[in-house]
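Shown next: coords-v4.cif, containing mmCIF, C-alpha atoms and all ligand atoms.
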```cif
data_target
#
loop_
_atom_site.group_PDB
_atom_site.id
_atom_site.type_symbol
_atom_site.label_atom_id
_atom_site.label_comp_id
_atom_site.auth_asym_id
_atom_site.auth_seq_id
_atom_site.Cartn_x
_atom_site.Cartn_y
_atom_site.Cartn_z
ATOM 1 C CA MET R 209 166.928 -66.250 -98.392
ATOM 2 C CA HIS R 210 166.478 -65.728 -102.103
ATOM 3 C CA ASP R 211 164.448 -63.012 -103.769
ATOM 4 C CA PHE R 212 160.843 -63.494 -102.616
ATOM 5 C CA LYS R 213 159.173 -61.022 -104.950
ATOM 6 C CA ALA R 214 160.658 -62.491 -108.134
ATOM 7 C CA CYS R 215 159.729 -65.950 -106.934
ATOM 8 C CA ILE R 216 156.093 -64.970 -106.369
ATOM 9 C CA GLU R 217 155.877 -63.135 -109.683
ATOM 10 C CA ARG R 218 157.223 -66.098 -111.565
ATOM 11 C CA ARG R 219 154.735 -68.335 -109.804
ATOM 12 C CA ASN R 220 151.887 -65.970 -110.643
ATOM 13 C CA ASN R 221 152.868 -65.886 -114.297
ATOM 14 C CA MET R 222 152.734 -69.639 -114.422
ATOM 15 C CA SER R 223 149.343 -69.851 -112.686
ATOM 16 C CA SER R 224 146.335 -70.825 -114.729
ATOM 17 C CA GLY R 225 143.780 -68.300 -115.954
ATOM 18 C CA LYS R 226 141.203 -68.773 -113.219
ATOM 19 C CA LEU R 227 143.800 -67.931 -110.576
ATOM 20 C CA LYS R 228 144.674 -64.617 -112.242
ATOM 21 C CA SER R 229 141.312 -63.076 -111.381
ATOM 22 C CA ARG R 230 140.859 -61.635 -107.906
ATOM 23 C CA THR R 231 137.783 -63.738 -107.160
ATOM 24 C CA LEU R 232 139.893 -65.803 -104.802
ATOM 25 C CA ARG R 233 142.065 -64.191 -102.140
ATOM 26 C CA ARG R 234 145.744 -65.020 -101.955
ATOM 27 C CA VAL R 235 147.196 -66.404 -98.763
ATOM 28 C CA LYS R 236 150.960 -66.727 -98.490
ATOM 29 C CA LYS R 237 152.042 -69.827 -96.632
ATOM 30 C CA VAL R 238 155.510 -70.939 -95.565
ATOM 31 C CA THR R 239 156.112 -74.605 -96.213
ATOM 32 C CA PRO R 240 158.163 -76.799 -93.846
ATOM 33 C CA GLY R 241 161.053 -76.353 -96.328
ATOM 34 C CA HIS R 242 160.832 -72.533 -95.874
ATOM 35 C CA ASN R 243 159.454 -71.873 -99.336
ATOM 36 C CA VAL R 244 156.734 -69.253 -99.667
ATOM 37 C CA VAL R 245 153.803 -70.546 -101.676
ATOM 38 C CA THR R 246 150.531 -68.831 -102.577
ATOM 39 C CA HIS R 247 147.326 -70.563 -101.597
ATOM 40 C CA TYR R 248 144.059 -69.442 -103.199
ATOM 41 C CA LYS R 249 141.097 -69.343 -100.831
ATOM 42 C CA PRO R 250 137.541 -68.036 -101.085
ATOM 43 C CA ARG R 251 137.083 -64.513 -99.784
ATOM 44 C CA LYS R 252 135.695 -63.913 -96.298
ATOM 45 C CA PRO R 253 132.216 -62.426 -95.874
ATOM 46 C CA SER R 254 131.989 -58.700 -95.094
ATOM 47 C CA LYS R 255 132.426 -57.489 -91.513
ATOM 48 C CA ALA R 256 129.404 -57.025 -89.245
ATOM 49 C CA LYS R 257 128.178 -53.416 -88.901
ATOM 50 C CA CYS R 258 126.347 -51.612 -86.083
ATOM 51 C CA ALA R 259 122.592 -51.522 -86.768
ATOM 52 C CA LYS R 260 122.336 -47.903 -85.592
ATOM 53 C CA CYS R 261 125.473 -46.041 -86.702
ATOM 54 C CA GLY R 262 127.021 -48.479 -89.216
ATOM 55 C CA ALA R 263 130.397 -48.741 -87.484
ATOM 56 C CA VAL R 264 132.359 -51.987 -87.904
ATOM 57 C CA LEU R 265 131.662 -54.214 -84.887
ATOM 58 C CA GLN R 266 134.638 -55.319 -82.794
ATOM 59 C CA GLY R 267 134.870 -58.862 -81.467
ATOM 60 C CA VAL R 268 132.596 -60.293 -84.156
ATOM 61 C CA ALA R 269 134.117 -63.016 -86.326
ATOM 62 C CA ASN R 270 133.693 -62.887 -90.105
ATOM 63 C CA GLU R 271 134.469 -66.330 -91.424
ATOM 64 C CA ARG R 272 132.935 -68.658 -93.955
ATOM 65 C CA PRO R 273 129.905 -70.635 -92.686
ATOM 66 C CA TYR R 274 131.822 -73.911 -92.377
ATOM 67 C CA LYS R 275 134.226 -72.264 -89.938
ATOM 68 C CA MET R 276 131.468 -70.423 -88.048
ATOM 69 C CA GLN R 277 129.710 -73.756 -87.426
ATOM 70 C CA ASN R 278 132.545 -75.111 -85.284
ATOM 71 C CA MET R 279 133.414 -71.774 -83.645
ATOM 72 C CA PRO R 280 132.370 -71.269 -80.003
ATOM 73 C CA LYS R 281 129.443 -68.886 -79.523
ATOM 74 C CA THR R 282 131.590 -66.644 -77.307
ATOM 75 C CA LYS R 283 133.960 -66.000 -80.209
ATOM 76 C CA LYS R 284 131.183 -64.944 -82.554
ATOM 77 C CA ARG R 285 129.881 -61.878 -80.686
ATOM 78 C CA PRO R 286 130.430 -59.989 -77.393
ATOM 79 C CA GLU R 287 128.508 -61.406 -74.453
ATOM 80 C CA ARG R 288 126.436 -58.403 -73.445
ATOM 81 C CA PRO R 289 122.989 -57.020 -74.292
ATOM 82 C CA PHE R 290 122.911 -55.988 -77.990
ATOM 83 C CA GLY R 291 126.238 -57.833 -78.522
ATOM 84 C CA GLY R 292 126.784 -58.426 -82.237
ATOM 85 C CA VAL R 293 123.998 -55.972 -83.167
ATOM 86 C CA LEU R 294 125.016 -52.568 -81.797
ATOM 87 C CA CYS R 295 128.486 -51.121 -81.293
ATOM 88 C CA SER R 296 129.649 -50.444 -77.724
ATOM 89 C CA ARG R 297 128.782 -46.754 -77.921
ATOM 90 C CA CYS R 298 125.245 -47.317 -79.223
ATOM 91 C CA SER R 299 124.568 -50.207 -76.811
ATOM 92 C CA ARG R 300 125.695 -48.056 -73.881
ATOM 93 C CA ALA R 301 123.283 -45.314 -74.977
ATOM 94 C CA ALA R 302 120.470 -47.849 -75.466
ATOM 95 C CA ILE R 303 120.986 -49.359 -72.001
ATOM 96 C CA LYS R 304 121.038 -45.882 -70.439
ATOM 97 C CA ALA R 305 117.821 -44.915 -72.227
ATOM 98 C CA GLU R 306 116.156 -48.137 -71.070
ATOM 99 C CA ALA R 307 117.184 -47.480 -67.442
ATOM 100 C CA LYS R 308 115.783 -43.969 -67.658
ATOM 101 C CA ASN R 309 112.440 -45.269 -68.940
ATOM 102 C CA ASN R 310 112.236 -47.816 -66.133
ATOM 103 C CA LYS R 311 112.827 -45.127 -63.490
ATOM 104 C CA GLU R 312 109.848 -43.038 -64.497
HETATM 105 ZN ZN ZN B 1 126.744 -47.857 -83.323
#
```
Structure rendered as structure tokens:
Amino acid sequence: MHDFKACIERRNNMSSGKLKSRTLRRVKKVTPGHNVVTHYKPRKPSKAKCAKCGAVLQGVANERPYKMQNMPKTKKRPERPFGGVLCSRCSRAAIKAEAKNNKE
């Protein structure tokens, strides 16, 4: 394989002005002929955060709306109470608190 880094740099230098800004993210793709090319794609939306503690939620997809439309519901958030709203720690505490209230 030839020198990747030089190849990418040369390609970047040749790219037009709008591609030099970091508005678009760079995705490296390998073509069928084993060349590495840079694709410019819109950035993904920010990751979902826990409503209580602000931790990044696991198992929640962050894609552009056109991809979210065709994505199954089960891939968008965990299937449990407070899934996609609270993190696992906070939801566990919330469920425990609810059970305690119901007992009394
Ligand atoms: Zn939390």
- Message: With the PyMOL selection byres (((not hetatm)) within 9 of (chain B and resi 1)) as the selection, what would be picked from this file? Answer as a VMD selection string, please.
- Response: chain R and resid 257 to 265 293 to 299
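Using only C-alpha atoms, the shortest contact distance between R:Tyr248 and any of R:Gln266, R:Gln277, R:Ser229, R:Asn310 is found at R:Ser229.
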- Query: Of the candidates R:Thr231, R:His247, R:Ala269, R:Ala302, which one gets nearest to R:Pro286 if we count all atoms listed in the file?
  - Reply: R:Ala269
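With all atoms listed in the file as the atoms that count, the residue of R:Lys249, R:Lys304, R:Arg288, R:Lys255 with the shortest distance to R:Lys237 is R:Lys249.
One distance worth recording is that between atom CA of R:Arg272 and atom CA of R:Lys252, which is 6.0 Å.
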Using only the atoms of stretch 302-311 of chain R listed in the file, plus 4 Å on each side, state the axis-aligned box centre and edge lengths in Å rounded to one decimal, as lines of an AutoDock Vina configuration file.
```
center_x = 116.6
center_y = -46.7
center_z = -69.5
size_x = 16.8
size_y = 13.4
size_z = 20.0
```
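Taking atom CA of R:Glu271 and atom CA of R:Pro250 as endpoints, the distance between them is 10.3 Å.
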- Explicit residues for the PyMOL selection byres (((chain R and resi 235) around 6) and not hetatm) (as a ChimeraX atom specification): /R:234,236,246-247
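For the residues R:Ser224, R:Asn270, R:Val245, R:Arg230, ranking by smallest atom-to-atom distance to R:Gly292 using only C-alpha atoms places R:Asn270 first.
You will find atom CA of R:Ala301 at 23.0 Å from atom CA of R:Thr282.
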- Message: Under the rule that all atoms listed in the file are counted, which of R:Pro273, R:Gly267, R:Pro289, R:Pro280 is the nearest residue to R:Glu306?
- Response: R:Pro289
- Note on the structure: Between R:Arg233, R:His242, R:Arg300, R:Lys284, smallest distance to R:Ala256 by only C-alpha atoms belongs to R:Lys284
